[in-house]
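Enquirer: What follows is the file work-v8.cif, containing mmCIF, C-alpha atoms and all ligand atoms:
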```
data_start
loop_
_atom_site.group_PDB
_atom_site.id
_atom_site.type_symbol
_atom_site.label_atom_id
_atom_site.label_comp_id
_atom_site.auth_asym_id
_atom_site.auth_seq_id
_atom_site.Cartn_x
_atom_site.Cartn_y
_atom_site.Cartn_z
ATOM 1 C CA MET A 1 85.124 71.674 101.494
ATOM 2 C CA SER A 2 85.248 67.902 101.816
ATOM 3 C CA ALA A 3 88.534 67.582 103.709
ATOM 4 C CA ASP A 4 90.592 70.149 105.563
ATOM 5 C CA LEU A 5 93.014 72.204 103.530
ATOM 6 C CA GLU A 6 96.166 70.736 105.085
ATOM 7 C CA THR A 7 95.016 67.277 103.982
ATOM 8 C CA ILE A 8 94.037 68.465 100.496
ATOM 9 C CA VAL A 9 97.428 70.121 99.944
ATOM 10 C CA ALA A 10 99.299 67.032 101.188
ATOM 11 C CA GLU A 11 97.181 64.702 99.048
ATOM 12 C CA ILE A 12 97.700 66.752 95.890
ATOM 13 C CA ALA A 13 101.471 66.845 96.466
ATOM 14 C CA ALA A 14 101.513 63.066 96.977
ATOM 15 C CA GLU A 15 99.507 62.504 93.787
ATOM 16 C CA MET A 16 101.810 64.758 91.797
ATOM 17 C CA ALA A 17 104.910 63.058 93.223
ATOM 18 C CA ALA A 18 103.580 59.785 91.820
ATOM 19 C CA VAL A 19 103.491 61.112 88.232
ATOM 20 C CA PRO A 20 106.534 59.755 86.355
ATOM 21 C CA VAL A 21 109.001 62.453 85.311
ATOM 22 C CA ALA A 22 108.552 61.370 81.676
ATOM 23 C CA ARG A 23 104.914 62.486 81.858
ATOM 24 C CA ARG A 24 105.587 65.914 83.376
ATOM 25 C CA GLY A 25 106.632 67.741 80.210
ATOM 26 C CA VAL A 26 110.061 69.124 79.488
ATOM 27 C CA PRO A 27 111.862 71.837 81.503
ATOM 28 C CA ALA A 28 112.783 74.948 79.503
ATOM 29 C CA SER A 29 116.187 74.567 77.883
ATOM 30 C CA TYR A 30 116.395 77.722 75.735
ATOM 31 C CA ILE A 31 117.762 79.399 78.853
ATOM 32 C CA PRO A 32 120.653 76.931 79.469
ATOM 33 C CA GLU A 33 120.736 77.514 83.222
ATOM 34 C CA LEU A 34 117.086 76.416 83.560
ATOM 35 C CA ALA A 35 117.844 73.096 81.864
ATOM 36 C CA LYS A 36 119.933 72.138 84.917
ATOM 37 C CA VAL A 37 116.910 72.080 87.244
ATOM 38 C CA ASP A 38 115.741 68.670 88.517
ATOM 39 C CA PRO A 39 112.479 67.906 86.641
ATOM 40 C CA GLY A 40 111.320 65.771 89.572
ATOM 41 C CA ARG A 41 110.731 68.738 91.855
ATOM 42 C CA PHE A 42 107.227 69.661 92.975
ATOM 43 C CA GLY A 43 106.163 72.329 95.462
ATOM 44 C CA LEU A 44 102.824 73.740 96.563
ATOM 45 C CA ALA A 45 102.045 76.593 98.959
ATOM 46 C CA VAL A 46 98.643 77.975 99.891
ATOM 47 C CA VAL A 47 98.407 81.176 101.935
ATOM 48 C CA LEU A 48 94.902 81.988 103.112
ATOM 49 C CA ALA A 49 93.605 85.541 103.407
ATOM 50 C CA ASP A 50 93.988 85.306 107.193
ATOM 51 C CA GLY A 51 97.678 84.381 106.862
ATOM 52 C CA GLN A 52 97.432 80.646 107.497
ATOM 53 C CA VAL A 53 99.992 78.802 105.373
ATOM 54 C CA HIS A 54 99.761 75.239 104.060
ATOM 55 C CA VAL A 55 102.725 73.805 102.172
ATOM 56 C CA ALA A 56 103.781 70.479 100.688
ATOM 57 C CA GLY A 57 106.654 69.013 98.693
ATOM 58 C CA ASP A 58 109.510 71.331 97.735
ATOM 59 C CA ALA A 59 107.594 74.464 98.769
ATOM 60 C CA ASP A 60 110.668 76.053 100.357
ATOM 61 C CA GLU A 61 113.069 75.502 97.499
ATOM 62 C CA ALA A 62 113.769 78.634 95.440
ATOM 63 C CA PHE A 63 113.224 78.426 91.686
ATOM 64 C CA SER A 64 113.375 80.902 88.818
ATOM 65 C CA ILE A 65 110.066 82.773 88.769
ATOM 66 C CA GLN A 66 110.595 83.985 85.180
ATOM 67 C CA SER A 67 107.356 85.403 83.748
ATOM 68 C CA ILE A 68 105.555 85.407 87.078
ATOM 69 C CA SER A 69 107.651 88.514 87.706
ATOM 70 C CA LYS A 70 105.523 90.216 85.028
ATOM 71 C CA VAL A 71 102.752 90.536 87.645
ATOM 72 C CA PHE A 72 105.029 92.414 90.042
ATOM 73 C CA MET A 73 106.532 94.582 87.294
ATOM 74 C CA LEU A 74 103.061 95.517 86.036
ATOM 75 C CA THR A 75 101.900 96.411 89.542
ATOM 76 C CA LEU A 76 104.908 98.647 90.098
ATOM 77 C CA ALA A 77 104.658 100.304 86.666
ATOM 78 C CA LEU A 78 100.970 101.103 87.189
ATOM 79 C CA GLY A 79 101.930 102.682 90.510
ATOM 80 C CA LYS A 80 104.518 104.750 88.706
ATOM 81 C CA ILE A 81 102.644 106.068 85.652
ATOM 82 C CA GLY A 82 99.052 104.973 86.314
ATOM 83 C CA ASP A 83 96.651 104.083 83.548
ATOM 84 C CA GLY A 84 98.804 105.988 81.043
ATOM 85 C CA LEU A 85 100.602 102.643 80.747
ATOM 86 C CA TRP A 86 97.729 101.396 78.593
ATOM 87 C CA ALA A 87 98.754 103.753 75.792
ATOM 88 C CA ARG A 88 101.906 101.629 75.407
ATOM 89 C CA VAL A 89 100.611 98.112 76.041
ATOM 90 C CA GLY A 90 97.248 96.463 75.370
ATOM 91 C CA ARG A 91 94.962 94.274 77.449
ATOM 92 C CA GLU A 92 93.964 91.523 75.056
ATOM 93 C CA PRO A 93 95.057 87.880 75.020
ATOM 94 C CA SER A 94 97.588 87.371 72.258
ATOM 95 C CA GLY A 95 96.659 83.875 71.146
ATOM 96 C CA ASN A 96 100.340 83.489 70.323
ATOM 97 C CA ALA A 97 103.478 82.173 71.975
ATOM 98 C CA PHE A 98 104.877 84.140 74.915
ATOM 99 C CA ASN A 99 107.891 85.260 72.873
ATOM 100 C CA SER A 100 106.072 85.916 69.609
ATOM 101 C CA ILE A 101 106.892 88.943 67.441
ATOM 102 C CA VAL A 102 104.183 88.501 64.798
ATOM 103 C CA GLN A 103 101.530 90.944 66.059
ATOM 104 C CA LEU A 104 103.937 93.811 66.627
ATOM 105 C CA GLU A 105 104.198 94.903 63.009
ATOM 106 C CA ALA A 106 100.471 95.343 62.366
ATOM 107 C CA GLU A 107 99.941 96.809 65.822
ATOM 108 C CA LYS A 108 102.646 99.474 65.514
ATOM 109 C CA GLY A 109 104.917 98.104 68.181
ATOM 110 C CA ILE A 110 102.220 98.016 70.888
ATOM 111 C CA PRO A 111 102.227 94.577 72.510
ATOM 112 C CA ARG A 112 98.927 92.808 73.095
ATOM 113 C CA ASN A 113 99.278 92.627 76.895
ATOM 114 C CA PRO A 114 101.835 93.054 79.710
ATOM 115 C CA PHE A 115 102.155 89.310 80.365
ATOM 116 C CA ILE A 116 103.798 88.327 77.088
ATOM 117 C CA ASN A 117 107.496 89.077 76.649
ATOM 118 C CA ALA A 118 106.954 92.071 74.353
ATOM 119 C CA GLY A 119 104.540 93.635 76.841
ATOM 120 C CA ALA A 120 106.791 93.004 79.815
ATOM 121 C CA LEU A 121 109.709 94.590 77.961
ATOM 122 C CA VAL A 122 107.614 97.762 77.606
ATOM 123 C CA VAL A 123 106.799 97.582 81.329
ATOM 124 C CA ALA A 124 110.511 97.125 82.129
ATOM 125 C CA ASP A 125 111.237 100.166 79.942
ATOM 126 C CA VAL A 126 108.735 102.187 82.010
ATOM 127 C CA LEU A 127 110.410 101.046 85.239
ATOM 128 C CA LEU A 128 113.810 101.988 83.858
ATOM 129 C CA ALA A 129 112.815 105.644 83.281
ATOM 130 C CA GLY A 130 114.936 107.968 85.396
ATOM 131 C CA HIS A 131 117.133 105.141 86.643
ATOM 132 C CA ALA A 132 120.280 103.250 85.851
ATOM 133 C CA PRO A 133 119.386 99.578 85.165
ATOM 134 C CA ARG A 134 120.934 98.529 88.495
ATOM 135 C CA GLU A 135 118.652 100.957 90.377
ATOM 136 C CA ALA A 136 115.537 99.820 88.506
ATOM 137 C CA ILE A 137 116.349 96.172 89.264
ATOM 138 C CA GLY A 138 116.937 97.107 92.904
ATOM 139 C CA GLU A 139 113.606 98.908 93.098
ATOM 140 C CA ILE A 140 111.714 95.904 91.727
ATOM 141 C CA LEU A 141 113.591 93.543 94.078
ATOM 142 C CA GLN A 142 112.705 95.767 97.050
ATOM 143 C CA PHE A 143 109.072 95.794 95.951
ATOM 144 C CA VAL A 144 108.879 91.992 95.827
ATOM 145 C CA ARG A 145 110.631 91.746 99.218
ATOM 146 C CA TYR A 146 108.108 94.209 100.657
ATOM 147 C CA LEU A 147 105.177 92.241 99.223
ATOM 148 C CA ALA A 148 106.461 88.931 100.602
ATOM 149 C CA ASP A 149 107.791 90.599 103.756
ATOM 150 C CA ASP A 150 111.034 88.713 103.160
ATOM 151 C CA ASP A 151 114.393 90.411 102.622
ATOM 152 C CA SER A 152 116.147 87.145 101.755
ATOM 153 C CA ILE A 153 114.725 87.132 98.179
ATOM 154 C CA VAL A 154 117.481 87.599 95.571
ATOM 155 C CA VAL A 155 118.147 87.618 91.842
ATOM 156 C CA ASP A 156 119.872 84.439 90.604
ATOM 157 C CA ARG A 157 122.801 85.964 88.741
ATOM 158 C CA ALA A 158 123.681 82.750 86.900
ATOM 159 C CA VAL A 159 120.172 82.610 85.406
ATOM 160 C CA ALA A 160 120.276 86.310 84.490
ATOM 161 C CA ARG A 161 123.657 85.824 82.798
ATOM 162 C CA SER A 162 122.478 82.705 81.005
ATOM 163 C CA GLU A 163 119.491 84.544 79.542
ATOM 164 C CA THR A 164 121.530 87.630 78.692
ATOM 165 C CA GLU A 165 123.856 85.416 76.650
ATOM 166 C CA THR A 166 121.096 83.568 74.812
ATOM 167 C CA GLY A 167 118.066 85.892 74.777
ATOM 168 C CA PHE A 168 118.194 86.687 71.085
ATOM 169 C CA ARG A 169 114.435 86.600 70.610
ATOM 170 C CA ASN A 170 113.912 89.090 73.421
ATOM 171 C CA ALA A 171 116.657 91.252 71.916
ATOM 172 C CA ALA A 172 114.788 91.123 68.601
ATOM 173 C CA LEU A 173 111.544 92.157 70.321
ATOM 174 C CA ALA A 174 113.213 95.030 72.170
ATOM 175 C CA ASN A 175 114.981 96.313 69.061
ATOM 176 C CA TYR A 176 111.822 96.046 66.981
ATOM 177 C CA MET A 177 109.811 98.000 69.559
ATOM 178 C CA ARG A 178 112.606 100.553 69.874
ATOM 179 C CA ALA A 179 112.082 101.247 66.171
ATOM 180 C CA PHE A 180 108.403 102.007 66.868
ATOM 181 C CA GLY A 181 109.250 104.039 69.985
ATOM 182 C CA THR A 182 107.316 101.832 72.453
ATOM 183 C CA ILE A 183 110.733 101.017 73.949
ATOM 184 C CA THR A 184 112.451 104.309 74.707
ATOM 185 C CA HIS A 185 115.843 103.283 76.128
ATOM 186 C CA ALA A 186 118.781 101.545 74.496
ATOM 187 C CA PRO A 187 117.407 97.995 74.045
ATOM 188 C CA GLU A 188 120.300 96.390 75.964
ATOM 189 C CA LEU A 189 119.424 98.469 79.048
ATOM 190 C CA THR A 190 115.727 97.530 78.994
ATOM 191 C CA LEU A 191 116.701 93.896 78.350
ATOM 192 C CA GLY A 192 119.074 93.994 81.318
ATOM 193 C CA VAL A 193 116.247 95.012 83.645
ATOM 194 C CA TYR A 194 113.886 92.416 82.156
ATOM 195 C CA PHE A 195 116.363 89.495 82.339
ATOM 196 C CA HIS A 196 117.356 90.215 85.945
ATOM 197 C CA VAL A 197 113.780 90.462 87.137
ATOM 198 C CA CYS A 198 112.855 87.224 85.321
ATOM 199 C CA ALA A 199 115.784 85.670 87.235
ATOM 200 C CA LEU A 200 114.289 86.384 90.659
ATOM 201 C CA ALA A 201 114.609 83.192 92.710
ATOM 202 C CA MET A 202 111.696 82.481 95.025
ATOM 203 C CA SER A 203 110.134 79.504 96.739
ATOM 204 C CA CYS A 204 106.439 78.637 96.458
ATOM 205 C CA ARG A 205 105.977 79.931 99.987
ATOM 206 C CA GLN A 206 107.623 83.280 99.191
ATOM 207 C CA LEU A 207 105.699 83.612 95.948
ATOM 208 C CA ALA A 208 102.332 82.867 97.525
ATOM 209 C CA LEU A 209 103.102 85.424 100.240
ATOM 210 C CA ALA A 210 104.113 88.025 97.620
ATOM 211 C CA GLY A 211 100.863 87.460 95.700
ATOM 212 C CA ARG A 212 98.649 87.753 98.732
ATOM 213 C CA PHE A 213 97.857 91.441 98.154
ATOM 214 C CA LEU A 214 95.915 90.371 95.063
ATOM 215 C CA ALA A 215 93.761 88.031 97.149
ATOM 216 C CA LEU A 216 93.257 90.858 99.660
ATOM 217 C CA ASP A 217 91.761 93.287 97.145
ATOM 218 C CA GLY A 218 95.016 95.261 97.027
ATOM 219 C CA ARG A 219 95.760 95.505 100.745
ATOM 220 C CA HIS A 220 99.231 94.757 102.120
ATOM 221 C CA PRO A 221 99.118 91.472 104.040
ATOM 222 C CA GLY A 222 101.027 92.911 106.978
ATOM 223 C CA GLY A 223 98.296 95.490 107.609
ATOM 224 C CA ARG A 224 100.670 98.097 106.156
ATOM 225 C CA GLY A 225 98.024 99.950 104.163
ATOM 226 C CA ARG A 226 97.385 99.352 100.484
ATOM 227 C CA VAL A 227 99.700 98.101 97.769
ATOM 228 C CA VAL A 228 97.168 99.107 95.102
ATOM 229 C CA SER A 229 93.517 100.148 94.981
ATOM 230 C CA ALA A 230 90.857 97.437 94.986
ATOM 231 C CA GLU A 231 90.011 98.304 91.389
ATOM 232 C CA ARG A 232 93.634 97.875 90.304
ATOM 233 C CA ALA A 233 94.024 94.564 92.150
ATOM 234 C CA ARG A 234 90.898 93.252 90.420
ATOM 235 C CA ARG A 235 92.130 94.422 87.021
ATOM 236 C CA ILE A 236 95.534 92.778 87.483
ATOM 237 C CA ALA A 237 93.741 89.546 88.409
ATOM 238 C CA ALA A 238 91.512 89.930 85.332
ATOM 239 C CA LEU A 239 94.616 90.155 83.150
ATOM 240 C CA MET A 240 96.060 87.080 84.852
ATOM 241 C CA LEU A 241 92.910 85.146 83.990
ATOM 242 C CA THR A 242 92.756 86.305 80.364
ATOM 243 C CA CYS A 243 96.482 86.545 79.522
ATOM 244 C CA GLY A 244 98.479 84.850 82.303
ATOM 245 C CA HIS A 245 99.109 81.595 80.422
ATOM 246 C CA TYR A 246 99.688 82.996 76.902
ATOM 247 C CA ASP A 247 97.810 80.944 74.339
ATOM 248 C CA GLY A 248 97.009 78.452 77.104
ATOM 249 C CA SER A 249 95.017 81.083 79.037
ATOM 250 C CA GLY A 250 91.619 79.873 77.872
ATOM 251 C CA ASP A 251 92.396 76.285 78.794
ATOM 252 C CA PHE A 252 93.727 77.306 82.227
ATOM 253 C CA ALA A 253 90.598 79.406 82.936
ATOM 254 C CA PHE A 254 88.398 76.528 81.806
ATOM 255 C CA ARG A 255 90.168 73.903 83.903
ATOM 256 C CA VAL A 256 91.121 75.911 87.001
ATOM 257 C CA GLY A 257 88.757 78.906 87.041
ATOM 258 C CA ILE A 258 91.200 81.077 88.997
ATOM 259 C CA PRO A 259 93.475 83.889 87.751
ATOM 260 C CA GLY A 260 97.015 82.579 87.329
ATOM 261 C CA LYS A 261 100.402 83.627 85.966
ATOM 262 C CA SER A 262 102.910 81.069 84.778
ATOM 263 C CA GLY A 263 106.644 81.215 84.153
ATOM 264 C CA VAL A 264 109.003 79.012 82.155
ATOM 265 C CA GLY A 265 110.754 78.085 85.387
ATOM 266 C CA GLY A 266 107.672 75.909 85.972
ATOM 267 C CA GLY A 267 105.991 78.084 88.564
ATOM 268 C CA ILE A 268 102.427 79.364 88.634
ATOM 269 C CA LEU A 269 101.014 82.028 90.961
ATOM 270 C CA ALA A 270 97.226 81.848 91.345
ATOM 271 C CA VAL A 271 94.899 84.083 93.342
ATOM 272 C CA VAL A 272 91.469 83.320 94.701
ATOM 273 C CA PRO A 273 90.020 86.770 95.503
ATOM 274 C CA GLY A 274 89.180 87.129 99.158
ATOM 275 C CA VAL A 275 90.321 83.581 99.886
ATOM 276 C CA ALA A 276 93.901 82.600 99.093
ATOM 277 C CA SER A 277 97.125 83.070 97.193
ATOM 278 C CA VAL A 278 98.619 79.870 95.808
ATOM 279 C CA ALA A 279 102.004 79.053 94.285
ATOM 280 C CA VAL A 280 102.931 75.782 92.638
ATOM 281 C CA TRP A 281 106.134 74.621 90.991
ATOM 282 C CA SER A 282 107.009 71.736 88.686
ATOM 283 C CA PRO A 283 109.674 72.413 86.017
ATOM 284 C CA GLY A 284 108.202 70.253 83.229
ATOM 285 C CA LEU A 285 106.343 72.419 80.691
ATOM 286 C CA ASN A 286 103.592 71.708 78.175
ATOM 287 C CA ALA A 287 103.717 72.708 74.509
ATOM 288 C CA VAL A 288 102.830 76.365 75.211
ATOM 289 C CA GLY A 289 105.387 76.783 78.008
ATOM 290 C CA ASN A 290 103.209 76.375 81.090
ATOM 291 C CA SER A 291 103.892 73.936 83.932
ATOM 292 C CA THR A 292 102.118 70.661 83.197
ATOM 293 C CA LEU A 293 101.815 69.423 86.783
ATOM 294 C CA GLY A 294 101.371 72.949 88.112
ATOM 295 C CA ALA A 295 98.124 73.354 86.202
ATOM 296 C CA ALA A 296 97.045 69.812 87.099
ATOM 297 C CA ALA A 297 97.665 70.499 90.798
ATOM 298 C CA LEU A 298 95.730 73.782 90.674
ATOM 299 C CA GLU A 299 92.872 72.038 88.868
ATOM 300 C CA GLN A 300 92.733 69.488 91.689
ATOM 301 C CA LEU A 301 92.966 72.190 94.347
ATOM 302 C CA ALA A 302 90.106 74.159 92.775
ATOM 303 C CA ARG A 303 87.990 71.046 92.444
ATOM 304 C CA ARG A 304 88.534 69.856 96.013
ATOM 305 C CA THR A 305 88.137 73.259 97.694
ATOM 306 C CA GLY A 306 85.388 74.558 95.404
ATOM 307 C CA TRP A 307 87.495 77.678 94.739
ATOM 308 C CA SER A 308 86.603 79.498 91.527
ATOM 309 C CA VAL A 309 86.074 83.092 90.476
ATOM 310 C CA PHE A 310 82.915 81.820 88.807
ATOM 311 C CA ALA A 311 81.391 80.283 91.944
ATOM 312 C CA PRO A 312 78.475 82.072 93.600
ATOM 313 C CA PRO A 313 79.523 83.987 96.750
HETATM 314 N N1 LIG A 401 112.689 85.149 80.755
HETATM 315 C C1 LIG A 401 111.792 84.368 79.924
HETATM 316 C C2 LIG A 401 111.864 84.823 78.486
HETATM 317 O O1 LIG A 401 111.939 85.962 78.245
HETATM 318 C C3 LIG A 401 110.409 84.471 80.477
HETATM 319 C C4 LIG A 401 109.395 83.711 79.656
HETATM 320 C C5 LIG A 401 108.391 82.974 80.473
HETATM 321 O O2 LIG A 401 108.536 82.725 81.658
HETATM 322 N N2 LIG A 401 107.347 82.547 79.794
HETATM 323 O O3 LIG A 401 111.819 84.052 77.580
#
```
Written as structure tokens, that's how I'd like the structure from this file.
Ligand code: GLN
Expert:
Amino acid sequence: MSADLETIVAEIAAEMAAVPVARRGVPASYIPELAKVDPGRFGLAVVLADGQVHVAGDADEAFSIQSISKVFMLTLALGKIGDGLWARVGREPSGNAFNSIVQLEAEKGIPRNPFINAGALVVADVLLAGHAPREAIGEILQFVRYLADDDSIVVDRAVARSETETGFRNAALANYMRAFGTITHAPELTLGVYFHVCALAMSCRQLALAGRFLALDGRHPGGRGRVVSAERARRIAALMLTCGHYDGSGDFAFRVGIPGKSGVGGGILAVVPGVASVAVWSPGLNAVGNSTLGAAALEQLARRTGWSVFAPP
């Protein structure tokens, strides 16, 4: 490492702050509430395996984590029904947009992976089993609070409402999968769980803390036992690397070399196994719906620290 981490994090934040807003991509507007977010925001938080935290920019401002929640939902669903989940959702990159419906017909309603919308709707349907939607949402919220060790994390109700009112594509996906039986509840119930969990509001610091179990091979950061087995933590990270950025996953792996999961709120959670959990936020998105500056910042971080899952130990 050429400079200490505190300096690297501060330098990257300063470099990103200098990028004109016009060159940061466009914040998501298909969820009207997200269009209100200031595109000039930038936050970065790095939590090392030993608990040291380095933050810069707007790292303590909560934003809508959107699809990053798919990591937490998947983890919880695997805990609930184990590897039986893979009978209902695949593990291959889709090569299509995050909200695409096109593969579902040929593939009999089984989504390509749990990190696209169709796949996460199936995961939400699994988490809904045996619960009222309110209870399922509460369980997922408690899980994220436990991971981050922070009870102040909440669902942004305005964002959830905004997406409920406009989420016609997700409604189409849920209804289509209900016809195949991969969604088992009334679609509006499964959608309710999905929209509320996407609307979790978290800061970069909270998100990096919540993702730390993946950098710790599945162990709870607070020394409170295991969240998941080492094998499961590694497999979730593998899915983040191959599917975490939709049809931008290959480019992200090439440029950053670290498993990451993006959301249309402009956040990215990235994990360096054994080393660190990183969260970055910049609302401007590229053409495939991933944070433009977020990926650029992670690319710089990986380059300057030497972090990569492809580096020799
Ligand atoms: N809630 C968003 C949606 O369903 C999540 C998508 C995303 O973050 N890529 O469209």
Enquirer: Of the candidates A:Val123, A:Leu76, A:Val155, A:Val144, which shows the shortest atom-to-atom distance to Ala233 in chain A, using all atoms listed in the file?
Expert: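 Result for the nearest residue to Ala233 in chain A: A:Leu76.
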Enquirer: Hey, which bits of chain A sit within 8 Å of ligand LIG 401 (chain A), and for each residue what's the closest pair of atoms and how far apart in Å (one decimal), counting only C-alpha atoms and all ligand atoms, rows by chain and increasing number, as a Markdown table?
Expert:
```
| residue | atom | partner | partner_atom | distance |
| --- | --- | --- | --- | --- |
| A:Ile31 | CA | A:LIG401 | O3 | 7.7 |
| A:Ile65 | CA | A:LIG401 | O2 | 7.3 |
| A:Gln66 | CA | A:LIG401 | O2 | 4.3 |
| A:Ser67 | CA | A:LIG401 | O2 | 3.6 |
| A:Ile68 | CA | A:LIG401 | O2 | 6.7 |
| A:Phe98 | CA | A:LIG401 | N2 | 5.7 |
| A:Asn99 | CA | A:LIG401 | O3 | 6.2 |
| A:Ile116 | CA | A:LIG401 | N2 | 7.3 |
| A:Asn117 | CA | A:LIG401 | O1 | 5.7 |
| A:Glu163 | CA | A:LIG401 | N1 | 6.9 |
| A:Gly167 | CA | A:LIG401 | O1 | 7.0 |
| A:Arg169 | CA | A:LIG401 | O3 | 7.9 |
| A:Asn170 | CA | A:LIG401 | O1 | 6.1 |
| A:Tyr194 | CA | A:LIG401 | N1 | 7.5 |
| A:Phe195 | CA | A:LIG401 | N1 | 5.9 |
| A:Cys198 | CA | A:LIG401 | N1 | 5.0 |
| A:Ala199 | CA | A:LIG401 | N1 | 7.2 |
| A:Ser262 | CA | A:LIG401 | O2 | 6.6 |
| A:Gly263 | CA | A:LIG401 | O2 | 3.5 |
| A:Val264 | CA | A:LIG401 | O2 | 3.8 |
| A:Gly265 | CA | A:LIG401 | O2 | 6.4 |
| A:Gly289 | CA | A:LIG401 | N2 | 6.3 |
| A:Asn290 | CA | A:LIG401 | N2 | 7.5 |
```
Enquirer: Taking the file above as input, evaluate the PyMOL selection byres (((chain A and resi 21) around 12) and not hetatm) and report the hits as a list of chain:residue names.
Expert: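 Applied to this file, the PyMOL selection byres (((chain A and resi 21) around 12) and not hetatm) selects A:Met16, A:Ala17, A:Ala18, A:Val19, A:Pro20, A:Ala22, A:Arg23, A:Arg24, A:Gly25, A:Val26, A:Pro27, A:Asp38, A:Pro39, A:Gly40, A:Arg41, A:Phe42, A:Ser282, A:Pro283, A:Gly284, A:Leu285, A:Thr292, A:Leu293.
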Enquirer: Starting from the PyMOL selection byres (((chain A and resi 6) around 10) and not hetatm), expand the selection into actual residues of this file and give them as a PyMOL selection string.
Expert: chain A and resi 3-5+7-11+46+53-56
Enquirer: For Ala124 in chain A, which residue out of A:Glu299, A:Glu107, A:Glu188, A:Asp156 is the nearest one, using only C-alpha atoms?
Expert: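 Ranking A:Glu299, A:Glu107, A:Glu188, A:Asp156 by distance to Ala124 in chain A, first place goes to A:Glu188.
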Enquirer: So which one's closest to Leu241 in chain A, A:Pro312, A:Pro133, A:Pro259, A:Pro187? Using all atoms listed in the file, please.
Expert: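 Nearest to Leu241 in chain A: A:Pro259.
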Enquirer: Expanded to explicit residues, what is the PyMOL selection byres (((chain A and resi 228) around 10) and not hetatm) for this file, as a ChimeraX atom specification?
Expert: /A:75-76,78-79,213-214,217-220,225-227,229-234
Enquirer: Could you give me, as a ChimeraX atom specification, the residues within 12 Å of Ala238 in chain A, counting all atoms listed in the file and dropping anything in the same chain fewer than 2 positions from it?
Expert: /A:71,91-93,113,115,214,231-236,240-244,249,253,257-261,270-273,309
Enquirer: Would you be able to write out as a PyMOL selection string which residues have an atom within 12 Å of (103.6, 97.1, 67.5) in the file's coordinates, counting only C-alpha atoms?
Expert: chain A and resi 87-90+100-113+118-119+122+173-183
Enquirer: For the atom pair CA of Arg145 in chain A and CA of Val193 in chain A, what is the interatomic distance in Å to one decimal place?
Expert: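 Distance reported for this atom pair: 16.9 Å.
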Enquirer: Return as AutoDock Vina command-line options the box centre and box size in Å, one decimal, for an axis-aligned box around all listed atoms of range 148-157 of chain A padded by 8 Å per side.
Expert:
```
--center_x 114.6 --center_y 87.5 --center_z 96.2 --size_x 32.3 --size_y 22.2 --size_z 31.0
```
Enquirer: So, with all atoms listed in the file as the atoms that count, which of A:Ala13, A:Gly57, A:Val126, A:Leu44 lies closest to Gly84 in chain A?
Expert: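 So, comparing all the options, the nearest one is A:Val126.
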Enquirer: Between A:Ser69, A:Gln142, A:Asn286, A:Gln206, which is the closest to Ala120 in chain A once you count all atoms listed in the file?
Expert: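 Closest candidate: A:Ser69.
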Enquirer: Which residue is closest to Ala296 in chain A? Choose from A:Arg205, A:His131, A:His185, A:Arg255 and count only C-alpha atoms.
Expert: A:Arg255
